[in-house]
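Presented below is the structure to which this report refers.
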Amino acid sequence: MARTRVRTPRIARVTPLVALSAALPLLTGCGDEGTSSSGTEDHKAAGHKPVVVTTTTWEGAFAKAAGAEDVTVIVPQSVHHAPDYDPKPSDLAAVAKADFVLYAPFEPYAAQIKEAAGSKAKLVEVNLDNDPAKAGAEVTRLGGLFGTKAAAGQWKSRLDGEVKKLNGELKAAWPGGKSPSVVTQVFTAWAAGLAGATPIGTYGPEAVTPAQLATLSAKKPTLVLDNAHMSTGTVLPDSGAKQVEIVNYPGEDLDLLAVYRNAAAELKKAMAGS
């Protein structure tokens with residue numbers, strides 16, 4: 001199997017307005033060349049391997065899982081909070097050469113990406129949720145768009161096997177054999193499900209208010225599953241709950257399964273100390 005080529009551009013930071021104005025001339029004439037967004041079936045018929053540009057490694061991992069082998073990630077892994085990133089001219093130029101551009105609606109630069117894409121690239125809004133059922137469904141959908149259904153199906157089988165294995169290991173690690181009670185940030189609920197934990201409250205994406213602090217602490221959670229990418233510090237101080245940092249974004253290898261393994265490892269450590 002061919003290895004996925006992951007390319008992350010790194011050029012000096014500029015403002016979105018300058019980036020867009022510098023990149024748009026590069027896009028002139030792109031709309032009449034190659035395949036339009038309605039030409040996906042032509043790519044499939046010709047055995048064309050899709051060229052995919054994604055905003056972050058999260059979308060990139062979904063693309064790779066779905067079978068894409070040529071993936072360019074715009075936001076560098078070093079940017080801890082991806083929505084704060086300002087696209088560069090090279091980023092928008094890469095978009096112009098893509099068959100597919102994957103983005104999430106909560107990313108503020110999505111409008112710039114859409115404007116720069118031109119008529120060649122098919123814009124695909126991705127549901128970024130690591131809940132195994134939702135992730136599997138999204139990868140299957142992308143495999144259909146890319147013409148790589150077989151690869152997407154194989155990955156989903158690996159996902160199902162990995163989740164079953166990790167779930168069993170985590171349940172075996174429950175303190176005293178009892179499902180731990182957890183408070184989760186809105187984007188880390190999937191990790192509670194992976195552990196078979198009992199959710200008793202959620203917070204975010206904004207910082208916890210004094211009223212929420214009182215309410216959530218009163219429920220006496222065992223664990224707090226915080227979002228490493230949007231952390232506001234200790235969520236429930238003095239509650240006695242152990243805080244676990246859950247990472248949603250894969251690394252530069254775009255291995256989404258590693259996200260589940262890493263979360264399981266952190267949860268095991270936290271439960272062992274409970």
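Letters A, B, ... mark the chains of the structure tokens in the order given; residue numbers begin at 1 per chain; ligand numbers begin at 1, in order shown.
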Residues of region 187-257 of chain A in helix (DSSP H, G or I), written as a PyMOL selection string: chain A and resi 189-195+210-218+256-257
Just the selected residues (all heavy atoms), exported as a compact mmCIF listing (two decimals), in the first residue's frame, please.
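Dumped to part.txt:
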# COMPACT_ATOMS: atom_id res chain seq x y z
N ALA A 189 -16.58 14.17 25.41
CA ALA A 189 -17.54 13.16 25.85
C ALA A 189 -17.24 11.79 25.26
O ALA A 189 -17.51 10.75 25.88
CB ALA A 189 -18.96 13.59 25.49
N TRP A 190 -16.66 11.77 24.06
CA TRP A 190 -16.35 10.49 23.41
C TRP A 190 -15.38 9.65 24.26
O TRP A 190 -15.46 8.41 24.25
CB TRP A 190 -15.74 10.74 22.02
CG TRP A 190 -14.39 11.41 22.05
CD1 TRP A 190 -14.15 12.75 21.98
CD2 TRP A 190 -13.11 10.77 22.15
NE1 TRP A 190 -12.79 13.00 22.04
CE2 TRP A 190 -12.14 11.81 22.14
CE3 TRP A 190 -12.69 9.45 22.23
CZ2 TRP A 190 -10.76 11.55 22.22
CZ3 TRP A 190 -11.33 9.18 22.31
CH2 TRP A 190 -10.38 10.23 22.31
N ALA A 191 -14.48 10.33 24.98
CA ALA A 191 -13.51 9.61 25.80
C ALA A 191 -14.19 8.93 27.00
O ALA A 191 -13.77 7.85 27.43
CB ALA A 191 -12.41 10.56 26.28
N ALA A 192 -15.23 9.57 27.52
CA ALA A 192 -16.00 8.93 28.59
C ALA A 192 -16.65 7.66 28.10
O ALA A 192 -16.67 6.64 28.78
CB ALA A 192 -17.05 9.91 29.12
N GLY A 193 -17.18 7.73 26.87
CA GLY A 193 -17.78 6.53 26.28
C GLY A 193 -16.76 5.44 26.06
O GLY A 193 -17.05 4.25 26.27
N LEU A 194 -15.56 5.82 25.65
CA LEU A 194 -14.50 4.83 25.43
C LEU A 194 -14.19 4.08 26.71
O LEU A 194 -13.92 2.87 26.70
CB LEU A 194 -13.24 5.54 24.92
CG LEU A 194 -12.03 4.66 24.58
CD1 LEU A 194 -12.33 3.79 23.36
CD2 LEU A 194 -10.80 5.52 24.32
N ALA A 195 -14.22 4.79 27.84
CA ALA A 195 -13.90 4.18 29.12
C ALA A 195 -15.09 3.49 29.77
O ALA A 195 -14.93 2.82 30.79
CB ALA A 195 -13.37 5.25 30.08
N PRO A 210 -18.92 30.39 38.07
CA PRO A 210 -19.05 30.04 39.50
C PRO A 210 -20.26 29.15 39.78
O PRO A 210 -20.18 28.22 40.59
CB PRO A 210 -19.18 31.40 40.18
CG PRO A 210 -18.41 32.33 39.28
CD PRO A 210 -18.71 31.84 37.89
N ALA A 211 -21.36 29.42 39.10
CA ALA A 211 -22.56 28.60 39.31
C ALA A 211 -22.34 27.18 38.83
O ALA A 211 -22.72 26.20 39.50
CB ALA A 211 -23.75 29.23 38.58
N GLN A 212 -21.70 27.02 37.66
CA GLN A 212 -21.40 25.69 37.15
C GLN A 212 -20.43 24.97 38.06
O GLN A 212 -20.55 23.76 38.30
CB GLN A 212 -20.81 25.78 35.74
CG GLN A 212 -21.79 26.13 34.65
CD GLN A 212 -21.10 26.26 33.30
OE1 GLN A 212 -20.10 26.97 33.15
NE2 GLN A 212 -21.61 25.56 32.31
N LEU A 213 -19.44 25.70 38.55
CA LEU A 213 -18.45 25.12 39.45
C LEU A 213 -19.12 24.50 40.66
O LEU A 213 -18.83 23.36 41.05
CB LEU A 213 -17.45 26.19 39.87
CG LEU A 213 -16.42 25.80 40.93
CD1 LEU A 213 -15.55 24.66 40.43
CD2 LEU A 213 -15.56 27.00 41.31
N ALA A 214 -20.05 25.23 41.25
CA ALA A 214 -20.75 24.74 42.43
C ALA A 214 -21.59 23.51 42.11
O ALA A 214 -21.59 22.52 42.84
CB ALA A 214 -21.62 25.85 43.02
N THR A 215 -22.31 23.59 40.98
CA THR A 215 -23.19 22.48 40.59
C THR A 215 -22.42 21.21 40.27
O THR A 215 -22.75 20.12 40.74
CB THR A 215 -24.04 22.89 39.37
OG1 THR A 215 -24.85 24.01 39.71
CG2 THR A 215 -24.94 21.74 38.93
N LEU A 216 -21.36 21.36 39.47
CA LEU A 216 -20.58 20.19 39.05
C LEU A 216 -19.79 19.59 40.21
O LEU A 216 -19.69 18.36 40.33
CB LEU A 216 -19.65 20.57 37.91
CG LEU A 216 -20.32 20.96 36.59
CD1 LEU A 216 -19.30 21.46 35.58
CD2 LEU A 216 -21.11 19.78 36.01
N SER A 217 -19.23 20.43 41.06
CA SER A 217 -18.47 19.93 42.21
C SER A 217 -19.37 19.16 43.16
O SER A 217 -18.96 18.16 43.76
CB SER A 217 -17.79 21.08 42.93
OG SER A 217 -16.81 21.70 42.12
N ALA A 218 -20.61 19.61 43.31
CA ALA A 218 -21.55 18.96 44.21
C ALA A 218 -21.88 17.54 43.78
O ALA A 218 -22.29 16.71 44.60
CB ALA A 218 -22.83 19.78 44.32
N LEU A 256 -5.49 8.57 13.39
CA LEU A 256 -6.62 8.82 14.28
C LEU A 256 -6.74 7.75 15.36
O LEU A 256 -7.17 8.04 16.48
CB LEU A 256 -7.91 8.89 13.46
CG LEU A 256 -9.17 9.37 14.19
CD1 LEU A 256 -8.96 10.76 14.79
CD2 LEU A 256 -10.36 9.40 13.24
N LEU A 257 -6.34 6.52 15.06
CA LEU A 257 -6.42 5.46 16.06
C LEU A 257 -5.50 5.76 17.24
O LEU A 257 -5.80 5.37 18.37
CB LEU A 257 -6.05 4.11 15.43
CG LEU A 257 -7.01 3.58 14.36
CD1 LEU A 257 -6.55 2.20 13.88
CD2 LEU A 257 -8.43 3.51 14.89
All residues 10 Å or closer to Phe62 (chain A), only C-alpha atoms, same chain fewer than 6 positions away omitted, as an MDAnalysis selection string: chainID A and resid 54 68 102 126:128 130 135:136 138:140 142:143 152 250 254:256
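Coordinates place CA of Arg141 (chain A) at a distance of 16.4 Å from CA of Asp160 (chain A).
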Interatomic distance (Å, one decimal) between CA of Gly177 (chain A) and CA of Ala272 (chain A): 11.6 Å
Shell around Leu225 (chain A) at 7 Å using only C-alpha atoms, local window under 2 positions removed, as a PyMOL selection string: chain A and resi 183-185+188+223+227+243-246
Picked from region 185-227 of chain A by DSSP as strand (DSSP E or B), as an MDAnalysis selection string: chainID A and resid 185 198:203 223:227
Distance criterion (only C-alpha atoms): nearest to Glu266 (chain A) out of A:Ala63, A:Val186, A:Leu166, A:Ile113: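 Closest candidate: A:Leu166.
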Computed interatomic separation between CA of Ala98 (chain A) and CA of Pro50 (chain A) (Å):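 Taking CA of Ala98 (chain A) as the start and CA of Pro50 (chain A) as the end point, the length is 7.9 Å.
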Selection near Ser239 (chain A), 8 Å with only C-alpha atoms, sequence-local residues under 3 positions removed, as a VMD selection string: chain A and resid 217 220 to 221 236
